[in-house]
Amino acid sequence: MMAQDKTVTLASLSKRDTIVSIAIIGGLFFIFGFVTWINAILIPYFKIACELNHFESYLVAFAFYIAYLVMSLPAGYLLKKIGFKKGMMIGFLIMSIGAGLFVPAGFSRAYPVFLTGLFTLGIGLSILQTAANPYITILGDKERAAQRFSIMGICNKLAGIIAPLLFAAVILRSTDNVLFEQINLMEGAEKEQALDELIARVIVPYAVVAVVLFILGLFVRYSPLPEIDTETEDEQLATSNADKKSILDFPHLVFGAIAIFFHVGSQVIAVDSIINYVSETGVPFLEAKVFPSYTLTATIIGYLLGIAFIPKVMSQLTALRICTVSGLVLSIMVILVEGKVHLLGHYTDVSVWFIVLLGFANSMIWAGVWPLALDSLGRFIKIGASLLIMGLCGNAIMPLIYGYLADTYGLKEAYWVLVPCYVYLIFYAYYGFRLKKWR
């Protein structure tokens, strides 16, 4: 086992050290997924319990992900100063505080306090993501980075499948469909009592989450995860980057951050909006709650194909191009194609299944963009990674735009917001990543 804070070079890592590191980071990605994708059930749940419209309910995603915009660059400088492992510990401790805020929020049914807790969770997670993603990018052959990201993606999305279902099992009751209908007919003290009892169900689960996150912070700090040296550049890279003063001197990185913005925004819309959309087609809430899991399962299938085919059958760039074009086609089909179908025991509109398939289209985009955007950054890699993580604020802004369009024009028509996202992603996959100099 390596000394806890000893800085090592990539070349000095043994195969065993690399496997152990990937396994630990995979566990972190599972935690990221568990905390992140639970929003898919929180959005419709808070919509009912806190009596919100679509726009207000999507403030859940906004509060959580806007933290990436606020914290990502400071996280990069924090990691540069204290290293990956101490930074990860701080990230987990901040997340623990955020989860703990759900306890007083649940007792008071105070939506702003819930949002503050989600924002705090997002701050901690932005530090963790800023550390973990470049780790996976540099921990092995560059051409196999998409493979490693696919493994991380499976860990993340498995948690995304489990989290909403587990959370629903803990807080929802078999009689809730009737309760949700009755709440709309209640008035005065009776309604307030019913809503208070409904929101109080989140207190115990998030108290447990707060304790677990605190323990995980201590685990990562004293784990065998190596502290990798990212400051030393080889002679060729040092010469190439001699005139670079900041991360803004790398256009392929800047365009990559914008690509991450549109990718994660479109991905979270596909997952977090599907329960409300399926419910709109006449499917009961307790049945509709499984659809985020279908979308994430489609994403996992994409990851498995990525692991199998990259780089033997196709390059990670080809996979990125296939996924971006597929995303554009499926987005248009969501809007334009309609008709009822029976599938997997559900009777709903066919457009729902195109949203599910967007999970597959989104699978290899993150894995494709990261290695392209971090290519040749050298000593700028930690701060460059923080710029890419800043792009995760797309998860905050794009769902709000979707929520506004849903309130104004309807849930189906609101999916037009996905079209420009995939158009830009196609631009980056075919052209934007090649731009190494502004001139």
# chains A, B, ... in the order shown; residues from 1 in each chain; ligands from 1
>>> residues_around(residues="region 391-393 of chain A", least_positions_apart="5", cutoff="6 Å", atoms="only C-alpha atoms", output="list in words")
Tyr65, Ile66, Tyr68, Leu69, Ala257, Ile260 and Phe261 of chain A
>>> select_by_dssp(residues="region 5-105 of chain A", states="alpha helix (DSSP H)", output="ChimeraX atom specification")
/A:15-37,39-49,54-57,59-82,84-100,102-105
>>> write_last_selection(atoms="C-alpha atoms", output="PDB file, in the first residue's frame")
ATOM      1  CA  LYS A  15      -1.127  -2.654 -12.733  1.00  0.00           C
ATOM      2  CA  ARG A  16      -2.485  -3.521  -9.278  1.00  0.00           C
ATOM      3  CA  ASP A  17      -2.358   0.138  -8.178  1.00  0.00           C
ATOM      4  CA  THR A  18      -4.224   1.147 -11.326  1.00  0.00           C
ATOM      5  CA  ILE A  19      -6.953  -1.480 -10.850  1.00  0.00           C
ATOM      6  CA  VAL A  20      -7.395  -0.534  -7.179  1.00  0.00           C
ATOM      7  CA  SER A  21      -7.618   3.149  -8.127  1.00  0.00           C
ATOM      8  CA  ILE A  22     -10.218   2.496 -10.828  1.00  0.00           C
ATOM      9  CA  ALA A  23     -12.248   0.376  -8.375  1.00  0.00           C
ATOM     10  CA  ILE A  24     -12.235   3.150  -5.749  1.00  0.00           C
ATOM     11  CA  ILE A  25     -13.189   5.816  -8.285  1.00  0.00           C
ATOM     12  CA  GLY A  26     -15.923   3.469  -9.568  1.00  0.00           C
ATOM     13  CA  GLY A  27     -17.335   3.387  -6.047  1.00  0.00           C
ATOM     14  CA  LEU A  28     -17.273   7.187  -5.996  1.00  0.00           C
ATOM     15  CA  PHE A  29     -19.176   7.334  -9.282  1.00  0.00           C
ATOM     16  CA  PHE A  30     -21.803   5.043  -7.733  1.00  0.00           C
ATOM     17  CA  ILE A  31     -22.217   7.545  -4.890  1.00  0.00           C
ATOM     18  CA  PHE A  32     -22.380  10.431  -7.406  1.00  0.00           C
ATOM     19  CA  GLY A  33     -25.169   8.615  -9.225  1.00  0.00           C
ATOM     20  CA  PHE A  34     -27.088   7.781  -6.070  1.00  0.00           C
ATOM     21  CA  VAL A  35     -27.109  11.391  -4.868  1.00  0.00           C
ATOM     22  CA  THR A  36     -27.707  12.864  -8.348  1.00  0.00           C
ATOM     23  CA  TRP A  37     -30.412  10.697  -9.907  1.00  0.00           C
ATOM     24  CA  ASN A  39     -33.701  14.103  -8.136  1.00  0.00           C
ATOM     25  CA  ALA A  40     -35.822  12.208 -10.689  1.00  0.00           C
ATOM     26  CA  ILE A  41     -38.200  11.227  -7.883  1.00  0.00           C
ATOM     27  CA  LEU A  42     -37.682  14.365  -5.748  1.00  0.00           C
ATOM     28  CA  ILE A  43     -38.956  16.673  -8.515  1.00  0.00           C
ATOM     29  CA  PRO A  44     -42.462  15.134  -8.855  1.00  0.00           C
ATOM     30  CA  TYR A  45     -42.583  14.383  -5.098  1.00  0.00           C
ATOM     31  CA  PHE A  46     -41.851  17.977  -4.078  1.00  0.00           C
ATOM     32  CA  LYS A  47     -44.249  19.168  -6.789  1.00  0.00           C
ATOM     33  CA  ILE A  48     -47.061  17.436  -4.885  1.00  0.00           C
ATOM     34  CA  ALA A  49     -45.906  17.871  -1.283  1.00  0.00           C
ATOM     35  CA  HIS A  54     -43.523  22.628 -13.222  1.00  0.00           C
ATOM     36  CA  PHE A  55     -41.090  25.570 -13.204  1.00  0.00           C
ATOM     37  CA  GLU A  56     -40.875  25.651  -9.400  1.00  0.00           C
ATOM     38  CA  SER A  57     -40.403  21.876  -9.159  1.00  0.00           C
ATOM     39  CA  LEU A  59     -35.708  24.382  -9.054  1.00  0.00           C
ATOM     40  CA  VAL A  60     -34.664  21.064  -7.464  1.00  0.00           C
ATOM     41  CA  ALA A  61     -32.334  20.453 -10.401  1.00  0.00           C
ATOM     42  CA  PHE A  62     -31.387  24.151 -10.582  1.00  0.00           C
ATOM     43  CA  ALA A  63     -30.355  24.406  -6.927  1.00  0.00           C
ATOM     44  CA  PHE A  64     -28.384  21.164  -7.129  1.00  0.00           C
ATOM     45  CA  TYR A  65     -26.503  21.841 -10.351  1.00  0.00           C
ATOM     46  CA  ILE A  66     -25.990  25.609 -10.206  1.00  0.00           C
ATOM     47  CA  ALA A  67     -23.459  24.783  -7.479  1.00  0.00           C
ATOM     48  CA  TYR A  68     -21.201  23.456 -10.246  1.00  0.00           C
ATOM     49  CA  LEU A  69     -21.111  26.919 -11.827  1.00  0.00           C
ATOM     50  CA  VAL A  70     -20.294  28.533  -8.484  1.00  0.00           C
ATOM     51  CA  MET A  71     -17.809  25.988  -7.136  1.00  0.00           C
ATOM     52  CA  SER A  72     -16.041  24.263 -10.032  1.00  0.00           C
ATOM     53  CA  LEU A  73     -13.167  26.720 -10.588  1.00  0.00           C
ATOM     54  CA  PRO A  74     -12.552  27.163  -6.831  1.00  0.00           C
ATOM     55  CA  ALA A  75     -12.598  23.345  -6.614  1.00  0.00           C
ATOM     56  CA  GLY A  76      -9.867  23.167  -9.256  1.00  0.00           C
ATOM     57  CA  TYR A  77      -7.634  25.559  -7.313  1.00  0.00           C
ATOM     58  CA  LEU A  78      -8.444  23.725  -4.067  1.00  0.00           C
ATOM     59  CA  LEU A  79      -7.329  20.414  -5.580  1.00  0.00           C
ATOM     60  CA  LYS A  80      -4.210  22.066  -6.995  1.00  0.00           C
ATOM     61  CA  LYS A  81      -3.317  23.259  -3.493  1.00  0.00           C
ATOM     62  CA  ILE A  82      -4.210  20.274  -1.249  1.00  0.00           C
ATOM     63  CA  PHE A  84      -7.007  14.920  -4.859  1.00  0.00           C
ATOM     64  CA  LYS A  85      -7.564  12.893  -1.675  1.00  0.00           C
ATOM     65  CA  LYS A  86      -7.955  15.709   0.852  1.00  0.00           C
ATOM     66  CA  GLY A  87     -10.143  17.517  -1.661  1.00  0.00           C
ATOM     67  CA  MET A  88     -12.397  14.481  -2.017  1.00  0.00           C
ATOM     68  CA  MET A  89     -12.727  14.222   1.770  1.00  0.00           C
ATOM     69  CA  ILE A  90     -13.800  17.868   1.981  1.00  0.00           C
ATOM     70  CA  GLY A  91     -16.305  17.253  -0.824  1.00  0.00           C
ATOM     71  CA  PHE A  92     -17.913  14.369   1.078  1.00  0.00           C
ATOM     72  CA  LEU A  93     -18.078  16.354   4.331  1.00  0.00           C
ATOM     73  CA  ILE A  94     -19.829  19.248   2.572  1.00  0.00           C
ATOM     74  CA  MET A  95     -22.289  16.802   0.997  1.00  0.00           C
ATOM     75  CA  SER A  96     -22.987  15.375   4.459  1.00  0.00           C
ATOM     76  CA  ILE A  97     -23.962  18.855   5.660  1.00  0.00           C
ATOM     77  CA  GLY A  98     -26.249  19.286   2.640  1.00  0.00           C
ATOM     78  CA  ALA A  99     -28.061  16.002   3.286  1.00  0.00           C
ATOM     79  CA  GLY A 100     -28.395  16.944   6.958  1.00  0.00           C
ATOM     80  CA  PHE A 102     -33.145  17.943   4.793  1.00  0.00           C
ATOM     81  CA  VAL A 103     -33.950  17.137   8.437  1.00  0.00           C
ATOM     82  CA  PRO A 104     -35.003  20.674   9.526  1.00  0.00           C
ATOM     83  CA  ALA A 105     -36.502  21.253   6.076  1.00  0.00           C
TER      84      ALA A 105
END
>>> residues_around(residues="Glu287 (chain A)", least_positions_apart="3", cutoff="12 Å", atoms="only C-alpha atoms", output="ChimeraX atom specification")
/A:165,168,172,174,176-177,274-276,278-279,281-284,290-293,344-348
>>> closest_residue(among="A:Met364, A:Leu115, A:Ala194, A:Val220", to="Ile307 (chain A)", atoms="only C-alpha atoms")
A:Met364
>>> closest_residue(among="A:Tyr430, A:Tyr135, A:Tyr404, A:Phe167", to="Leu225 (chain A)", atoms="only C-alpha atoms")
A:Tyr135
>>> atom_distance(atom1="CA of Thr324 (chain A)", atom2="CA of Ile426 (chain A)")
5.5 Å
